[in-house]
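Text of coords37.cif (mmCIF, C-alpha atoms) as supplied:
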```cif
data_start
#
loop_
_atom_site.group_PDB
_atom_site.id
_atom_site.type_symbol
_atom_site.label_atom_id
_atom_site.label_comp_id
_atom_site.auth_asym_id
_atom_site.auth_seq_id
_atom_site.Cartn_x
_atom_site.Cartn_y
_atom_site.Cartn_z
ATOM 1 C CA MET S 1063 19.349 13.197 1.428
ATOM 2 C CA ALA S 1064 16.316 11.236 0.269
ATOM 3 C CA VAL S 1065 16.738 7.861 -1.390
ATOM 4 C CA ALA S 1066 13.793 8.290 -3.753
ATOM 5 C CA ARG S 1067 10.925 10.562 -4.722
ATOM 6 C CA PHE S 1068 7.278 9.739 -4.091
ATOM 7 C CA ARG S 1069 5.615 8.456 -7.272
ATOM 8 C CA SER S 1070 2.079 7.250 -6.533
ATOM 9 C CA VAL S 1071 -0.326 5.351 -4.325
ATOM 10 C CA VAL S 1072 -1.339 2.131 -6.071
ATOM 11 C CA ILE S 1073 -4.724 0.643 -5.248
ATOM 12 C CA ASP S 1074 -5.432 -2.972 -6.178
ATOM 13 C CA CYS S 1075 -8.977 -3.686 -7.320
ATOM 14 C CA PRO S 1076 -10.989 -5.890 -9.688
ATOM 15 C CA ASP S 1077 -11.896 -3.057 -12.131
ATOM 16 C CA PRO S 1078 -9.270 -0.282 -12.381
ATOM 17 C CA LEU S 1079 -11.227 2.013 -14.685
ATOM 18 C CA ALA S 1080 -14.420 1.855 -12.609
ATOM 19 C CA LEU S 1081 -12.572 2.614 -9.364
ATOM 20 C CA ALA S 1082 -10.543 5.412 -10.994
ATOM 21 C CA GLU S 1083 -13.803 6.933 -12.237
ATOM 22 C CA PHE S 1084 -15.243 6.777 -8.699
ATOM 23 C CA TYR S 1085 -12.235 8.649 -7.274
ATOM 24 C CA ALA S 1086 -12.271 11.107 -10.196
ATOM 25 C CA ALA S 1087 -15.874 11.965 -9.284
ATOM 26 C CA VAL S 1088 -14.853 12.399 -5.629
ATOM 27 C CA LEU S 1089 -11.506 14.208 -6.090
ATOM 28 C CA GLY S 1090 -11.562 15.605 -9.616
ATOM 29 C CA GLY S 1091 -9.219 14.756 -12.456
ATOM 30 C CA THR S 1092 -9.572 12.386 -15.367
ATOM 31 C CA PRO S 1093 -8.628 8.698 -15.365
ATOM 32 C CA GLU S 1094 -5.988 7.751 -17.941
ATOM 33 C CA ALA S 1095 -5.890 4.088 -18.971
ATOM 34 C CA GLN S 1096 -2.223 3.182 -19.351
ATOM 35 C CA ALA S 1097 -2.998 -0.487 -20.040
ATOM 36 C CA GLU S 1098 -5.984 -2.793 -19.662
ATOM 37 C CA ASP S 1099 -4.992 -3.510 -16.063
ATOM 38 C CA TRP S 1100 -3.517 -0.114 -15.051
ATOM 39 C CA VAL S 1101 -5.304 3.261 -14.803
ATOM 40 C CA VAL S 1102 -3.805 6.490 -13.438
ATOM 41 C CA LEU S 1103 -5.693 9.397 -11.894
ATOM 42 C CA ARG S 1104 -4.012 12.761 -11.562
ATOM 43 C CA ALA S 1105 -6.317 14.959 -9.510
ATOM 44 C CA PRO S 1106 -5.611 18.536 -8.438
ATOM 45 C CA GLY S 1107 -3.792 18.790 -5.107
ATOM 46 C CA VAL S 1108 -3.445 15.044 -4.432
ATOM 47 C CA PRO S 1109 -0.693 12.508 -5.072
ATOM 48 C CA ARG S 1110 -0.960 10.465 -8.242
ATOM 49 C CA LEU S 1111 -3.338 7.528 -7.717
ATOM 50 C CA ALA S 1112 -2.901 4.381 -9.787
ATOM 51 C CA PHE S 1113 -5.381 1.523 -9.969
ATOM 52 C CA ASN S 1114 -4.097 -1.987 -10.665
ATOM 53 C CA ARG S 1115 -6.270 -4.944 -11.689
ATOM 54 C CA GLU S 1116 -5.992 -7.765 -9.192
ATOM 55 C CA PRO S 1117 -8.091 -10.727 -10.398
ATOM 56 C CA ASP S 1118 -8.109 -12.380 -6.961
ATOM 57 C CA PHE S 1119 -8.758 -9.128 -5.088
ATOM 58 C CA ARG S 1120 -10.238 -9.489 -1.614
ATOM 59 C CA PRO S 1121 -11.350 -6.206 -0.044
ATOM 60 C CA PRO S 1122 -9.969 -5.519 3.419
ATOM 61 C CA ALA S 1123 -12.328 -6.190 6.306
ATOM 62 C CA TRP S 1124 -13.320 -3.199 8.377
ATOM 63 C CA PRO S 1125 -12.886 -3.135 11.200
ATOM 64 C CA ARG S 1126 -9.907 -5.435 11.052
ATOM 65 C CA GLU S 1127 -10.668 -9.123 11.281
ATOM 66 C CA GLY S 1128 -8.058 -11.840 11.586
ATOM 67 C CA ASP S 1129 -5.549 -12.008 8.753
ATOM 68 C CA ASN S 1130 -7.520 -9.646 6.500
ATOM 69 C CA ALA S 1131 -6.142 -6.465 8.043
ATOM 70 C CA GLN S 1132 -6.680 -3.054 6.505
ATOM 71 C CA GLN S 1133 -3.599 -2.142 4.489
ATOM 72 C CA PHE S 1134 -4.182 1.596 4.106
ATOM 73 C CA HIS S 1135 -6.953 4.144 3.819
ATOM 74 C CA LEU S 1136 -7.357 7.627 2.382
ATOM 75 C CA ASP S 1137 -8.344 10.598 4.564
ATOM 76 C CA LEU S 1138 -10.259 13.134 2.472
ATOM 77 C CA ASP S 1139 -10.899 16.703 3.665
ATOM 78 C CA ALA S 1140 -14.658 17.276 3.300
ATOM 79 C CA GLY S 1141 -14.590 20.793 4.786
ATOM 80 C CA PRO S 1142 -14.621 22.532 8.159
ATOM 81 C CA THR S 1143 -18.312 21.992 9.035
ATOM 82 C CA TRP S 1144 -20.514 18.966 9.586
ATOM 83 C CA ALA S 1145 -22.916 20.400 6.977
ATOM 84 C CA GLU S 1146 -20.111 20.079 4.394
ATOM 85 C CA VAL S 1147 -19.331 16.539 5.559
ATOM 86 C CA ASP S 1148 -23.054 15.673 5.306
ATOM 87 C CA ALA S 1149 -23.144 17.026 1.732
ATOM 88 C CA ALA S 1150 -19.981 15.105 0.814
ATOM 89 C CA GLU S 1151 -21.470 11.974 2.358
ATOM 90 C CA ARG S 1152 -24.592 12.229 0.203
ATOM 91 C CA ARG S 1153 -22.418 12.575 -2.898
ATOM 92 C CA VAL S 1154 -20.058 9.637 -2.189
ATOM 93 C CA LEU S 1155 -23.002 7.386 -1.292
ATOM 94 C CA ALA S 1156 -24.687 8.335 -4.590
ATOM 95 C CA LEU S 1157 -21.429 7.435 -6.384
ATOM 96 C CA GLY S 1158 -21.426 3.931 -4.890
ATOM 97 C CA ALA S 1159 -19.617 4.237 -1.542
ATOM 98 C CA ARG S 1160 -20.933 2.416 1.536
ATOM 99 C CA LEU S 1161 -21.048 3.916 5.036
ATOM 100 C CA LEU S 1162 -18.980 1.824 7.461
ATOM 101 C CA ARG S 1163 -18.949 4.048 10.563
ATOM 102 C CA ARG S 1164 -20.333 7.376 11.673
ATOM 103 C CA GLU S 1165 -18.660 9.211 14.516
ATOM 104 C CA GLN S 1166 -19.339 7.498 17.831
ATOM 105 C CA ASP S 1167 -17.272 9.759 20.034
ATOM 106 C CA PRO S 1168 -18.010 13.512 20.118
ATOM 107 C CA GLU S 1169 -14.261 14.041 19.619
ATOM 108 C CA ASP S 1170 -14.249 12.143 16.296
ATOM 109 C CA ASP S 1171 -13.910 14.357 13.243
ATOM 110 C CA PHE S 1172 -14.395 11.721 10.539
ATOM 111 C CA ARG S 1173 -16.740 9.130 9.057
ATOM 112 C CA VAL S 1174 -15.589 5.879 7.461
ATOM 113 C CA TYR S 1175 -16.808 4.571 4.098
ATOM 114 C CA ALA S 1176 -15.900 1.794 1.676
ATOM 115 C CA ASP S 1177 -15.300 2.669 -1.975
ATOM 116 C CA PRO S 1178 -17.011 0.475 -4.608
ATOM 117 C CA ALA S 1179 -14.143 -2.061 -4.431
ATOM 118 C CA GLY S 1180 -14.326 -2.192 -0.615
ATOM 119 C CA HIS S 1181 -11.301 -0.053 0.361
ATOM 120 C CA PRO S 1182 -11.973 2.066 3.454
ATOM 121 C CA PHE S 1183 -11.667 5.857 3.213
ATOM 122 C CA CYS S 1184 -12.643 8.684 5.533
ATOM 123 C CA LEU S 1185 -14.436 11.939 4.987
ATOM 124 C CA CYS S 1186 -12.901 14.234 7.579
ATOM 125 C CA ARG S 1187 -14.091 17.493 9.088
ATOM 126 C CA ILE S 1188 -10.942 19.620 8.967
ATOM 127 C CA PRO S 1189 -11.004 23.088 10.568
ATOM 128 C CA ALA S 1190 -10.043 25.852 8.150
ATOM 129 C CA ASP S 1191 -7.016 26.762 10.298
ATOM 130 C CA ALA S 1192 -5.681 23.178 10.578
ATOM 131 C CA PRO S 1193 -2.178 22.550 9.279
#
```
Written as structure tokens, that's how I'd like the structure from this file.
Amino acid sequence: MAVARFRSVVIDCPDPLALAEFYAAVLGGTPEAQAEDWVVLRAPGVPRLAFNREPDFRPPAWPREGDNAQQFHLDLDAGPTWAEVDAAERRVLALGARLLRREQDPEDDFRVYADPAGHPFCLCRIPADAP
């Protein structure tokens, strides 16, 4: 029997509302300010995302460097074709993301970006029949 139920992924950042609005534009949903330093995004088909103000926030380095290791990243399904990934890439870049890495190996099925606060996330090419 489980000890607890999953509640949310909490992302520290300097501006919770701005980052929640970025992810709302990427994933859908509407940010809900719960407090000045706490914003929740409930988007269709994804776990609840919460954004917490961290005044001394330092974005993780990518790739990992020294003691500033990546803590987590989000993998986002951009569709089964590279054309869909290309279209998603244009949209996230227009929303303020930064490209960190394009595929280097022909076997790679993802590209790595940083959100406006510097957290890495991936746009993945996921075949339609993938589990």
Review point. Near region 1152-1164 of chain S, within 6 Å and counting only C-alpha atoms, which residues show up once chain neighbours fewer than 2 positions away are dropped, as a PyMOL selection string?
Key: chain S and resi 1149-1150+1173-1178
Grab the residues selected above and save them as a PDB file, in the coordinates of the input with C-alpha atoms.
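Saved to again_31.pdb:
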```pdb
ATOM      1  CA  ALA S1149     -23.144  17.026   1.732  1.00  0.00           C
ATOM      2  CA  ALA S1150     -19.981  15.105   0.814  1.00  0.00           C
ATOM      3  CA  ARG S1173     -16.740   9.130   9.057  1.00  0.00           C
ATOM      4  CA  VAL S1174     -15.589   5.879   7.461  1.00  0.00           C
ATOM      5  CA  TYR S1175     -16.808   4.571   4.098  1.00  0.00           C
ATOM      6  CA  ALA S1176     -15.900   1.794   1.676  1.00  0.00           C
ATOM      7  CA  ASP S1177     -15.300   2.669  -1.975  1.00  0.00           C
ATOM      8  CA  PRO S1178     -17.011   0.475  -4.608  1.00  0.00           C
TER       9      PRO S1178
END
```
Point to revise | Residue with smallest distance to Glu1083 (chain S) - pool S:His1181, S:Arg1104, S:His1135, S:Arg1126, counting all atoms listed in the file | key: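 Answer, going by the shortest atom-to-atom distance: S:Arg1104.
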Exercise for review: Using all atoms listed in the file, collect all residues at a distance of at most 12 Å from (-6.1, 5.5, -18.9) as written in the file, then present them as number ranges by chain.
Suggested key: S: 1078-1083, 1091-1104, 1111-1114
Check your understanding: Given the choices S:Trp1124, S:Pro1106, S:Leu1185, S:Gln1166, which gets closest to Leu1138 (chain S) if the distance is worked out from only C-alpha atoms?
Key ->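 With only C-alpha atoms as the atom set, the closest residue is S:Leu1185.
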How big is the axis-aligned box around the listed atoms of region 1181-1191 of chain S once 6 Å is added on each side, and where is its centre? Give both in Å to one decimal, as AutoDock Vina command-line options.
```
--center_x -10.7 --center_y 13.4 --center_z 5.5 --size_x 19.4 --size_y 38.8 --size_z 22.2
```
